[in-house]
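Structure data (mmCIF, C-alpha atoms) from entry-v3.cif:
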```
data_target
#
loop_
_atom_site.label_atom_id
_atom_site.label_comp_id
_atom_site.auth_asym_id
_atom_site.auth_seq_id
_atom_site.Cartn_x
_atom_site.Cartn_y
_atom_site.Cartn_z
CA MET U 29 141.32 88.83 140.13
CA LYS U 30 140.61 91.03 143.13
CA ASP U 31 138.78 89.31 145.98
CA TRP U 32 135.39 90.80 146.88
CA ASP U 33 134.01 90.69 150.42
CA PHE U 34 130.40 90.96 149.12
CA SER U 35 129.87 94.39 150.69
CA PRO U 36 127.50 96.93 149.07
CA PRO U 37 128.92 99.82 146.97
CA PRO U 38 129.77 103.12 148.66
CA PRO U 39 126.83 105.57 148.66
CA SER U 40 126.65 108.23 145.94
CA ASP U 41 124.89 111.57 145.59
CA LEU U 42 124.24 110.87 141.91
CA GLY U 43 120.78 109.69 140.94
CA ASP U 44 120.29 106.66 138.71
CA HIS U 45 120.01 108.70 135.50
CA GLN U 46 122.55 111.37 136.40
CA VAL U 47 126.11 111.58 135.07
CA LEU U 48 129.20 113.03 136.71
CA LEU U 49 130.02 116.26 134.90
CA GLU U 50 133.50 116.41 133.38
CA GLY U 51 133.11 119.93 131.99
CA ASN U 52 130.64 122.58 130.95
CA HIS U 53 131.51 123.11 127.30
CA LEU U 54 128.02 121.95 126.24
CA GLN U 55 126.10 123.55 129.09
CA GLN U 56 122.64 124.71 127.93
CA LYS U 57 123.19 123.08 124.53
CA ARG U 58 120.58 120.78 122.97
CA ILE U 59 122.06 118.00 120.87
CA ALA U 60 120.10 115.75 118.52
CA LEU U 61 121.82 112.36 118.37
CA LEU U 62 120.75 110.61 115.16
CA LEU U 63 121.27 106.85 114.92
CA THR U 64 121.33 105.05 111.58
CA GLY U 65 121.37 101.36 110.72
CA SER U 66 124.91 100.34 111.57
CA ILE U 67 126.06 97.75 114.09
CA ALA U 68 127.97 100.63 115.67
CA ALA U 69 124.64 102.03 116.86
CA PHE U 70 125.08 99.87 119.95
CA LYS U 71 127.66 102.48 121.08
CA ALA U 72 125.14 105.33 120.95
CA PRO U 73 124.22 105.13 124.66
CA ASP U 74 127.88 105.75 125.55
CA ILE U 75 127.99 108.73 123.20
CA ALA U 76 124.80 110.14 124.74
CA ARG U 77 126.20 109.94 128.26
CA ALA U 78 129.56 111.38 127.15
CA LEU U 79 127.71 114.39 125.70
CA ARG U 80 125.80 114.79 128.95
CA ARG U 81 129.07 114.76 130.92
CA GLU U 82 129.87 118.06 129.19
CA GLY U 83 126.45 119.42 130.20
CA ALA U 84 124.44 118.72 127.03
CA ASP U 85 120.72 117.95 126.85
CA VAL U 86 120.51 115.02 124.41
CA VAL U 87 117.54 113.76 122.38
CA ALA U 88 117.97 110.55 120.37
CA PHE U 89 116.45 110.04 116.92
CA ALA U 90 116.58 106.39 115.83
CA SER U 91 115.69 104.69 112.57
CA LYS U 92 114.00 101.31 112.53
CA GLU U 93 117.27 99.75 111.39
CA ALA U 94 119.24 101.41 114.18
CA LEU U 95 116.90 99.87 116.76
CA ARG U 96 118.10 96.44 115.69
CA TYR U 97 121.34 97.23 117.55
CA THR U 98 120.11 99.19 120.58
CA THR U 99 116.76 99.73 122.28
CA ILE U 100 114.39 102.58 122.97
CA ASP U 101 114.54 101.90 126.71
CA THR U 102 118.33 102.08 126.68
CA LEU U 103 118.37 105.35 124.78
CA GLU U 104 115.71 106.92 126.99
CA TRP U 105 117.58 105.86 130.10
CA CYS U 106 120.84 107.35 128.78
CA THR U 107 119.36 110.61 127.50
CA THR U 108 116.46 111.04 130.00
CA ASN U 109 114.35 112.12 126.97
CA LYS U 110 111.82 110.37 124.77
CA VAL U 111 113.30 108.80 121.65
CA VAL U 112 112.01 110.01 118.28
CA THR U 113 111.44 106.97 116.07
CA LYS U 114 108.98 108.15 113.40
CA LEU U 115 107.39 111.16 111.76
CA THR U 116 104.35 112.25 113.73
CA ALA U 117 101.86 115.11 113.87
CA ALA U 118 104.07 116.71 116.53
CA ALA U 119 106.67 117.32 113.78
CA GLU U 120 109.62 116.46 116.03
CA HIS U 121 111.84 116.39 112.91
CA LEU U 122 111.36 120.16 112.51
CA SER U 123 112.14 120.98 116.17
CA ASP U 124 110.42 124.37 115.88
CA SER U 125 109.47 124.63 119.54
CA ALA U 126 112.86 123.53 120.90
CA PRO U 127 115.62 123.96 118.29
CA PHE U 128 118.84 121.98 118.51
CA ASP U 129 122.25 123.60 118.70
CA ALA U 130 123.77 120.65 116.85
CA TYR U 131 122.78 117.47 115.04
CA LEU U 132 125.19 114.59 115.47
CA VAL U 133 124.84 111.58 113.16
CA ALA U 134 126.78 108.79 114.86
CA PRO U 135 127.03 106.32 113.30
CA ALA U 136 126.47 107.73 109.80
CA THR U 137 126.03 104.97 107.24
CA TYR U 138 126.80 104.94 103.51
CA ASN U 139 123.07 105.07 102.80
CA THR U 140 122.36 108.08 105.02
CA ILE U 141 125.41 110.06 103.85
CA ASN U 142 124.43 109.70 100.20
CA LYS U 143 120.79 110.54 100.92
CA MET U 144 121.91 113.68 102.72
CA ARG U 145 124.00 114.71 99.73
CA TYR U 146 121.08 114.35 97.32
CA GLY U 147 118.46 115.86 99.65
CA ILE U 148 116.37 112.72 100.08
CA ALA U 149 113.97 112.91 103.05
CA ASP U 150 112.20 109.56 103.28
CA GLY U 151 112.20 108.78 107.01
CA VAL U 152 112.65 110.21 110.48
CA ILE U 153 116.44 110.52 110.19
CA THR U 154 116.70 111.95 106.68
CA SER U 155 113.70 114.25 107.16
CA SER U 156 115.22 115.60 110.37
CA LEU U 157 118.51 116.15 108.56
CA ALA U 158 116.81 117.90 105.65
CA SER U 159 115.33 120.38 108.11
CA ALA U 160 118.66 120.65 109.93
CA MET U 161 120.46 121.47 106.68
CA GLY U 162 118.00 124.29 106.08
CA ARG U 163 118.75 125.63 109.57
CA LEU U 164 122.46 125.21 108.93
CA GLU U 165 122.21 127.40 105.82
CA GLN U 166 120.52 130.06 107.97
CA GLY U 167 123.25 129.88 110.61
CA GLN U 168 120.90 128.43 113.23
CA THR U 169 122.54 125.06 113.94
CA LYS U 170 125.54 122.81 113.28
CA ILE U 171 125.66 119.32 111.79
CA LEU U 172 128.35 116.70 112.42
CA ILE U 173 128.53 113.20 110.95
CA ALA U 174 130.72 110.23 111.88
CA PRO U 175 131.07 107.95 108.80
CA THR U 176 131.03 104.31 109.86
CA MET U 177 131.18 101.44 107.36
CA HIS U 178 133.20 98.62 105.82
CA GLY U 179 136.07 99.77 103.62
CA SER U 180 134.55 98.26 100.48
CA LEU U 181 131.69 100.77 100.77
CA HIS U 182 134.09 103.69 100.49
CA ASN U 183 133.72 104.22 96.77
CA SER U 184 133.85 107.31 94.57
CA ILE U 185 130.18 108.03 95.22
CA LEU U 186 130.78 108.22 98.97
CA THR U 187 133.87 110.41 98.48
CA GLU U 188 131.88 112.85 96.32
CA SER U 189 129.07 112.93 98.88
CA LEU U 190 131.45 113.61 101.77
CA LYS U 191 133.13 116.43 99.84
CA LYS U 192 129.75 117.95 98.95
CA LEU U 193 128.52 117.81 102.54
CA HIS U 194 131.79 119.31 103.76
CA ASP U 195 131.39 122.15 101.25
CA LEU U 196 127.91 122.77 102.64
CA GLY U 197 129.39 123.35 106.08
CA ILE U 198 128.77 119.93 107.62
CA GLU U 199 131.56 118.76 109.93
CA ILE U 200 132.96 115.32 109.06
CA ILE U 201 134.40 113.52 112.09
CA ALA U 202 137.31 111.41 110.92
CA PRO U 203 136.71 107.70 111.60
CA ARG U 204 138.97 105.38 113.55
CA GLU U 205 140.62 103.14 110.96
CA ASP U 206 141.01 99.47 111.89
CA TYR U 207 140.78 96.16 110.06
CA GLY U 208 139.78 97.70 106.73
CA LYS U 209 136.84 99.61 108.20
CA HIS U 210 135.76 103.13 109.07
CA ASN U 211 135.02 102.59 112.75
CA LEU U 212 133.20 104.91 115.11
CA PRO U 213 135.72 107.00 117.10
CA SER U 214 135.70 106.88 120.89
CA PRO U 215 132.82 108.73 122.58
CA ARG U 216 135.29 111.25 124.00
CA LYS U 217 136.72 111.98 120.54
CA ILE U 218 133.22 112.60 119.21
CA VAL U 219 132.32 114.85 122.12
CA THR U 220 135.49 116.93 121.70
CA GLU U 221 134.56 117.59 118.07
CA VAL U 222 131.04 118.66 119.08
CA CYS U 223 132.52 121.01 121.70
CA ARG U 224 134.94 122.53 119.18
CA THR U 225 132.19 123.03 116.62
CA LEU U 226 129.86 124.78 119.08
CA SER U 227 132.58 126.80 120.84
CA ILE U 228 132.11 130.56 120.95
CA SER U 229 135.37 131.11 122.82
CA LEU U 230 137.68 133.92 121.76
CA LEU U 231 140.32 131.19 121.46
CA LYS U 232 138.50 129.54 118.56
CA GLY U 233 140.89 129.46 115.61
CA ILE U 234 143.77 130.94 117.67
CA SER U 235 147.09 129.10 117.46
CA VAL U 236 148.58 127.94 120.77
CA LEU U 237 151.74 125.88 121.32
CA VAL U 238 151.79 123.89 124.57
CA THR U 239 154.70 121.94 126.01
CA GLY U 240 154.53 119.37 128.77
CA GLY U 241 156.17 116.38 130.39
CA PRO U 242 159.80 115.64 131.26
CA THR U 243 162.68 116.02 128.80
CA PRO U 244 165.08 113.13 129.53
CA VAL U 245 168.82 113.41 128.83
CA GLU U 246 170.85 110.41 127.74
CA ILE U 247 173.71 108.86 129.69
CA ASP U 248 174.35 106.07 127.18
CA GLN U 249 172.24 104.44 124.48
CA VAL U 250 170.08 102.71 127.12
CA ARG U 251 170.01 104.85 130.27
CA ARG U 252 168.54 108.31 130.76
CA ILE U 253 168.25 110.92 133.50
CA THR U 254 164.75 112.26 133.93
CA ASN U 255 162.43 113.69 136.58
CA ARG U 256 159.21 112.56 138.23
CA PHE U 257 156.84 114.89 136.34
CA THR U 258 154.31 113.17 134.08
CA GLY U 259 153.05 115.94 131.80
CA LYS U 260 149.41 115.46 132.79
CA LEU U 261 148.98 119.21 133.28
CA GLY U 262 150.11 119.87 129.71
CA VAL U 263 147.58 117.31 128.48
CA HIS U 264 144.78 118.89 130.54
CA LEU U 265 145.70 122.30 129.17
CA THR U 266 145.84 121.05 125.57
CA GLU U 267 142.44 119.42 125.95
CA GLU U 268 140.88 122.55 127.46
CA LEU U 269 142.20 124.69 124.61
CA TYR U 270 141.15 122.09 122.03
CA LEU U 271 137.60 121.99 123.42
CA ARG U 272 137.43 125.78 123.12
CA GLY U 273 138.34 125.52 119.43
CA ALA U 274 141.96 126.65 119.55
CA VAL U 275 144.41 125.46 116.91
CA VAL U 276 146.60 123.84 119.52
CA LYS U 277 149.62 121.54 119.41
CA LEU U 278 151.29 119.81 122.34
CA ILE U 279 155.00 118.95 122.35
CA HIS U 280 155.09 116.30 125.06
CA GLY U 281 158.24 114.99 126.68
CA GLN U 282 158.33 111.21 126.89
CA GLY U 283 157.46 109.92 130.36
CA SER U 284 154.89 107.85 132.19
CA HIS U 285 151.82 109.53 130.66
CA THR U 286 150.77 109.52 127.00
CA PRO U 287 148.21 112.03 125.68
CA PRO U 288 144.93 110.67 124.24
CA ASP U 289 144.96 110.12 120.50
CA TYR U 290 142.24 112.68 119.81
CA LEU U 291 144.59 115.53 120.77
CA PRO U 292 147.25 116.89 118.37
CA TYR U 293 150.64 116.14 119.92
CA GLN U 294 154.24 115.21 119.20
CA ILE U 295 156.43 113.13 121.51
CA ALA U 296 159.94 114.38 122.32
CA LYS U 297 162.07 111.48 123.55
CA THR U 298 164.96 113.61 124.81
CA TYR U 299 165.84 117.18 125.77
CA ASP U 300 167.60 117.66 122.42
CA GLU U 301 164.49 116.52 120.52
CA TYR U 302 162.34 118.78 122.66
CA PHE U 303 164.52 121.80 121.91
CA THR U 304 164.52 121.02 118.18
CA PHE U 305 160.78 120.39 117.97
CA VAL U 306 159.90 123.64 119.78
CA MET U 307 162.16 125.78 117.61
CA GLU U 308 161.11 124.12 114.35
CA GLU U 309 157.42 124.40 115.20
CA LEU U 310 157.69 128.12 115.95
CA GLN U 311 159.75 128.73 112.80
CA HIS U 312 157.32 126.91 110.52
CA LYS U 313 154.03 128.25 111.89
CA PRO U 314 153.01 131.57 113.46
CA TYR U 315 151.68 131.04 116.99
CA THR U 316 149.81 133.63 119.05
CA PHE U 317 150.50 131.98 122.41
CA GLY U 318 153.06 129.61 123.87
CA VAL U 319 152.43 127.85 127.18
CA PHE U 320 155.59 126.15 128.44
CA SER U 321 154.65 123.68 131.16
CA ALA U 322 157.32 121.08 130.31
CA ALA U 323 159.65 120.06 133.13
CA VAL U 324 162.78 120.80 131.11
CA ALA U 325 166.10 119.27 132.10
CA ASP U 326 168.50 121.82 133.62
CA TYR U 327 171.58 119.66 133.07
CA LYS U 328 172.78 117.00 130.67
CA PRO U 329 175.87 114.76 130.53
CA GLU U 330 178.82 116.44 128.85
CA THR U 331 179.43 113.20 126.95
CA ILE U 332 176.99 110.46 125.99
CA PHE U 333 178.70 107.09 126.33
CA PRO U 334 178.49 104.91 123.20
CA GLY U 335 176.53 101.70 123.48
CA LYS U 336 175.64 100.50 126.98
CA ILE U 337 177.89 100.98 129.99
CA PRO U 338 178.46 97.48 131.41
CA SER U 339 176.66 96.74 134.64
CA GLY U 340 178.54 95.79 137.79
CA GLY U 341 181.54 97.45 139.30
CA SER U 342 181.83 101.10 140.17
CA TRP U 343 179.98 103.72 138.15
CA GLN U 344 181.96 106.05 135.94
CA THR U 345 181.97 109.76 136.69
CA ILE U 346 179.40 111.74 134.71
CA ASN U 347 180.07 115.41 134.18
CA LEU U 348 176.86 117.39 133.94
CA VAL U 349 176.70 120.68 132.05
CA PRO U 350 173.86 123.23 131.96
CA THR U 351 171.34 122.96 129.14
CA LEU U 352 170.15 125.95 127.17
CA LYS U 353 167.07 127.57 128.74
CA VAL U 354 164.46 126.83 126.07
CA ILE U 355 162.06 129.59 127.13
CA ASP U 356 164.88 132.16 127.01
CA GLU U 357 165.86 130.98 123.52
CA VAL U 358 162.23 131.18 122.42
CA LYS U 359 161.78 134.65 123.90
CA ALA U 360 164.88 135.92 122.10
CA LYS U 361 164.02 134.46 118.69
CA PHE U 362 160.23 134.92 118.73
CA PRO U 363 159.59 138.20 120.61
CA GLU U 364 156.00 138.50 119.32
CA LEU U 365 154.95 135.22 120.97
CA HIS U 366 152.86 135.80 124.10
CA MET U 367 154.46 133.37 126.54
CA VAL U 368 153.21 131.69 129.70
CA ALA U 369 156.17 130.29 131.66
CA PHE U 370 156.16 127.90 134.62
CA LYS U 371 158.23 128.02 137.78
CA TYR U 372 158.39 125.11 140.24
CA GLN U 373 160.18 125.40 143.59
CA GLN U 374 160.63 123.38 146.76
CA GLU U 375 161.49 124.39 150.32
CA VAL U 376 160.66 128.06 149.78
CA SER U 377 157.88 130.12 151.33
CA HIS U 378 154.89 131.35 149.34
CA GLU U 379 156.29 134.89 149.52
CA GLU U 380 159.63 133.71 148.15
CA LEU U 381 157.83 131.87 145.34
CA MET U 382 155.98 135.06 144.37
CA THR U 383 159.24 137.01 144.40
CA ILE U 384 160.85 134.46 142.07
CA ALA U 385 157.82 134.54 139.75
CA LEU U 386 157.78 138.35 139.65
CA ALA U 387 161.49 138.38 138.82
CA ARG U 388 160.67 136.36 135.73
CA ILE U 389 157.82 138.75 134.90
CA ASN U 390 160.30 141.63 135.15
CA ARG U 391 162.48 139.85 132.60
CA GLY U 392 159.69 140.27 130.05
CA TYR U 393 157.52 137.15 130.44
CA PRO U 394 153.82 138.20 130.46
CA ALA U 395 152.66 135.44 132.81
CA VAL U 396 154.17 132.83 135.10
CA VAL U 397 152.45 129.81 136.65
CA ALA U 398 154.23 129.33 139.98
CA ASN U 399 153.91 126.45 142.41
CA ARG U 400 155.69 124.75 145.30
CA GLY U 401 156.06 121.06 145.92
CA GLU U 402 154.86 121.51 149.51
CA ASP U 403 151.67 123.36 148.52
CA THR U 404 148.83 120.92 147.88
CA GLY U 405 145.05 120.86 148.14
CA SER U 406 143.01 118.96 150.71
CA ASN U 407 143.08 115.83 148.52
CA GLY U 408 146.71 116.18 147.49
CA GLU U 409 145.96 118.21 144.35
CA GLN U 410 148.56 120.40 142.71
CA VAL U 411 148.19 124.08 143.68
CA ALA U 412 149.46 126.88 141.46
CA TYR U 413 149.29 130.65 141.10
CA LEU U 414 148.97 132.47 137.80
CA VAL U 415 151.15 135.55 138.25
CA THR U 416 150.79 138.40 135.77
CA GLY U 417 152.04 141.42 137.69
CA SER U 418 152.36 142.71 141.21
CA GLU U 419 149.45 140.50 142.32
CA ASN U 420 148.65 136.87 141.51
CA ALA U 421 145.46 135.93 139.68
CA GLY U 422 144.22 133.68 142.45
CA LYS U 423 144.80 130.22 143.73
CA LEU U 424 144.16 127.38 141.27
CA ILE U 425 143.67 123.94 142.80
CA GLY U 426 143.98 120.77 140.73
CA LYS U 427 145.41 120.26 137.24
CA LYS U 428 142.07 120.72 135.51
CA GLN U 429 141.38 124.03 137.28
CA ILE U 430 144.91 125.21 136.52
CA ALA U 431 144.29 124.43 132.83
CA ILE U 432 140.97 126.29 132.90
CA GLY U 433 142.59 129.25 134.65
CA ILE U 434 145.31 129.51 131.99
CA ALA U 435 142.77 129.22 129.16
CA ASN U 436 140.66 131.95 130.78
CA TYR U 437 143.75 134.14 131.04
CA LEU U 438 144.49 133.70 127.32
CA GLU U 439 140.90 134.70 126.54
CA GLU U 440 141.32 137.82 128.68
CA VAL U 441 144.47 138.74 126.75
CA LEU U 442 142.58 138.43 123.45
CA LEU U 443 139.67 140.47 124.81
CA THR U 444 142.02 143.23 125.94
CA LYS U 445 143.68 143.32 122.51
CA THR U 446 140.25 143.50 120.85
CA LEU U 447 139.17 146.41 123.05
CA GLU U 448 142.42 148.26 122.44
CA ALA U 449 142.25 147.83 118.65
#
```
Write out the structure in this file as structure tokens.
Amino acid sequence: MKDWDFSPPPPSDLGDHQVLLEGNHLQQKRIALLLTGSIAAFKAPDIARALRREGADVVAFASKEALRYTTIDTLEWCTTNKVVTKLTAAAEHLSDSAPFDAYLVAPATYNTINKMRYGIADGVITSSLASAMGRLEQGQTKILIAPTMHGSLHNSILTESLKKLHDLGIEIIAPREDYGKHNLPSPRKIVTEVCRTLSISLLKGISVLVTGGPTPVEIDQVRRITNRFTGKLGVHLTEELYLRGAVVKLIHGQGSHTPPDYLPYQIAKTYDEYFTFVMEELQHKPYTFGVFSAAVADYKPETIFPGKIPSGGSWQTINLVPTLKVIDEVKAKFPELHMVAFKYQQEVSHEELMTIALARINRGYPAVVANRGEDTGSNGEQVAYLVTGSENAGKLIGKKQIAIGIANYLEEVLLTKTLEA
């Protein structure tokens, strides 16, 4: 345990009720968070704050049963809004004066799901949902539910209700399955699904393949040669595209960083797996964009030694041979794919970096993200330039801003195609 010197915490500019913004995908969006009578309702305050971290204005609706597991004060502190607990003359369940962009039922119990299916409106939650379903049919709102219950409650009645609600256009957030139960997913997983549902990005429904991380090469059955890159940028990019509603997949080289489980990804343990996965993915599914941020091995041992080379003594000579350039292979076999390539250099000037990036552009790659190891932000952040022609698209500082910049670029490409059509 870390020793504490009993000093006060560092000062912060955030007020007591404020949250540190992680994004703006829910900026100017009003979200109704509906709590039903599940023990998982105690997690609702975390969900409320996670929604607010993406910029949402959150109002909690809580049934009497839900308030057995959390409190009004807690919910009001987390949302900064009054909690709706009953039907009143103000008709909060209709939300006429301040409509909601989305209704999120988390947790959604067996009882509430089945009542929704049959149109029962006998309390503040079900009455609010009945009104929400009417707005949904008119294209005025979205509804998402997170089923949460013991496995024995998942019977044929529940399955029929879930299918019916799905057919009506209600988004079903897949539960986290553990110990024979449908558990509430992590707050971040829930928020990503809300963001995707409400996204109006041009990337919504567009297929994007992303690669990231190192691609180790084997020396023997135990040892590998790899590089120091973690793949965090590829994860940031995949998340940004996922939040915008893209149909995205990440092929992630195995290293020190693992993507979160709410993102669609596949781990490549070696360069050979990486090459195979990329080619198979592009053969089996048509992709509009490919963003290749993986730090791909340039060389691999000519021969992989069987078993494990004994330790001790002098090391055997390892002949390294060049690997196939994956992006060149992709470009040759899938010429319709709009590719974003990456170029990392060290001990070159900025001008030399731009020249190298433009040379790749001249070889037919539409965009290149170029960066130097020596070029960092004031806090040590990665700095990159998105090069698309004779001029770069501006300086991007930090992995998150680089991811946003690339996603914005892909939107611009789609917009240009739409205008030219």
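With distances taken over all atoms listed in the file, U:Ile100 is the one residue among U:Met177, U:Ile100, U:Ala387, U:Val324 lying closest to U:Val87.
Of note, atom CA of U:Ile279 and atom CA of U:Glu330 are spaced 24.8 Å apart.
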| query | Do you know which residues are at most 9 Å from U:Leu348 counting only C-alpha atoms, after dropping those on the same chain fewer than 3 positions away, and could you put them as an NGL selection string? | reply | :U and (327-331)
| query | Closest to U:Ile389 among U:Met367, U:Ser406, U:Pro127, U:Gly83, using all atoms listed in the file? | reply | U:Met367
| Excluding same-chain residues fewer than 5 positions from U:Asp124, what lies within 12 Å of it counting all atoms listed in the file, as a PyMOL selection string? | chain U and resi 118-119+156+159-160+163+168
| Residues selected by the PyMOL selection byres ((chain U and resi 286-301) around 7), written as a list in words |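 The output of the PyMOL selection byres ((chain U and resi 286-301) around 7) on this file is Lys217, Thr243, Pro244, Val245, Val263, Glu267, Lys277, Leu278, Ile279, His280, Gly281, Gln282, Ser284, His285, Tyr302, Phe303, Thr304, Phe305 and Ala325 of chain U.
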| request: To verify the selection step, state as a VMD selection string which residues the PyMOL selection byres ((chain U and resi 77-82) around 10) yields on this input. | output: chain U and resid 45 to 59 61 72 to 76 83 to 86 103 105 to 108 214 to 220 222 to 223
| request: Find, counting all atoms listed in the file, the residue in U:Ile198, U:Gly167, U:Arg272, U:Thr116 that gets nearest to U:Arg224. | output: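 Checking each of U:Ile198, U:Gly167, U:Arg272, U:Thr116 against U:Arg224, counting all atoms listed in the file, the winner is U:Arg272.
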| Evaluate the PyMOL selection byres ((chain U and resi 213) around 6) and report residues as a list in words | Pro203, Arg204, Leu212 and Ser214 of chain U
Output C-alpha atoms for every residue in the selection just made, as a PDB file, in the frame of the given file.
```
ATOM      1  CA  PRO U 203     136.710 107.700 111.600  1.00  0.00           C
ATOM      2  CA  ARG U 204     138.970 105.380 113.550  1.00  0.00           C
ATOM      3  CA  LEU U 212     133.200 104.910 115.110  1.00  0.00           C
ATOM      4  CA  SER U 214     135.700 106.880 120.890  1.00  0.00           C
TER       5      SER U 214
END
```
| request: Could you jot down the atom CA of U:Glu357 to atom CA of U:Gln311 separation for me, Å, one decimal place? | output: 12.5 Å
| task | Quick one: everything within 10 Å of U:Thr154, counting all atoms listed in the file, minus sequence neighbours fewer than 2 positions away in the same chain. Send it as an NGL selection string. | result | :U and (62 or 64 or 91 or 121 or 140-141 or 143-144 or 147-152 or 156-160)
Which residues, protein or nucleic acid, reach to within 12 Å of (159.7, 135.7, 135.7) in the file's coordinates when using all atoms listed in the file, and can you give that as a CSV table (one decimal) with C-alpha atoms, in the coordinates of the input?
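Just written: out-v4.csv:
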```
chain,number,residue,atom,x,y,z
U,355,ILE,CA,162.1,129.6,127.1
U,356,ASP,CA,164.9,132.2,127.0
U,367,MET,CA,154.5,133.4,126.5
U,368,VAL,CA,153.2,131.7,129.7
U,369,ALA,CA,156.2,130.3,131.7
U,370,PHE,CA,156.2,127.9,134.6
U,371,LYS,CA,158.2,128.0,137.8
U,372,TYR,CA,158.4,125.1,140.2
U,381,LEU,CA,157.8,131.9,145.3
U,382,MET,CA,156.0,135.1,144.4
U,383,THR,CA,159.2,137.0,144.4
U,384,ILE,CA,160.8,134.5,142.1
U,385,ALA,CA,157.8,134.5,139.8
U,386,LEU,CA,157.8,138.4,139.6
U,387,ALA,CA,161.5,138.4,138.8
U,388,ARG,CA,160.7,136.4,135.7
U,389,ILE,CA,157.8,138.8,134.9
U,390,ASN,CA,160.3,141.6,135.2
U,391,ARG,CA,162.5,139.8,132.6
U,392,GLY,CA,159.7,140.3,130.0
U,393,TYR,CA,157.5,137.2,130.4
U,394,PRO,CA,153.8,138.2,130.5
U,395,ALA,CA,152.7,135.4,132.8
U,396,VAL,CA,154.2,132.8,135.1
U,397,VAL,CA,152.4,129.8,136.6
U,398,ALA,CA,154.2,129.3,140.0
U,414,LEU,CA,149.0,132.5,137.8
U,415,VAL,CA,151.2,135.6,138.2
U,416,THR,CA,150.8,138.4,135.8
U,417,GLY,CA,152.0,141.4,137.7
U,418,SER,CA,152.4,142.7,141.2
```
| With only C-alpha atoms as the atoms that count, which of U:Asn255, U:Gln249, U:Thr316, U:Asn142 lies nearest to U:Phe362? |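 Residue with the minimum atom-to-atom distance to U:Phe362: U:Thr316.
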| message | Restricting the calculation to all atoms listed in the file: of U:His178, U:Lys92, U:His264, U:Lys191, which residue gets closest to U:Ala435? | response | U:His264
| query | Which one is closest to U:Leu172: U:Ala60, U:Leu269, U:Ala90, U:Ile185? Count all atoms listed in the file. | reply |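 Smallest distance to U:Leu172 is found for U:Ala60.
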| field | Spatial neighbours of U:Ala431, max dist 8 Å, all atoms listed in the file, sep filter under 5 positions, as a list in words | value | Leu261, His264, Leu265 and Glu268 of chain U
| request: Give me, please, the distance in Å between atom CA of U:Ala360 and atom CA of U:Glu439, quoted to one decimal. | output: 24.4 Å
| Residue list as number ranges by chain for point (132.1, 112.7, 103.8), cut-off 10 Å, all atoms listed in the file | U: 136, 138, 141-142, 145, 173-175, 182, 185-195, 198-202
| said: I want to know what sits within 7 Å of U:Gly65, based on all atoms listed in the file, with residues of the same chain fewer than 5 positions away left out; could you give that as a ChimeraX atom specification? | reply: /U:91,93-94,137
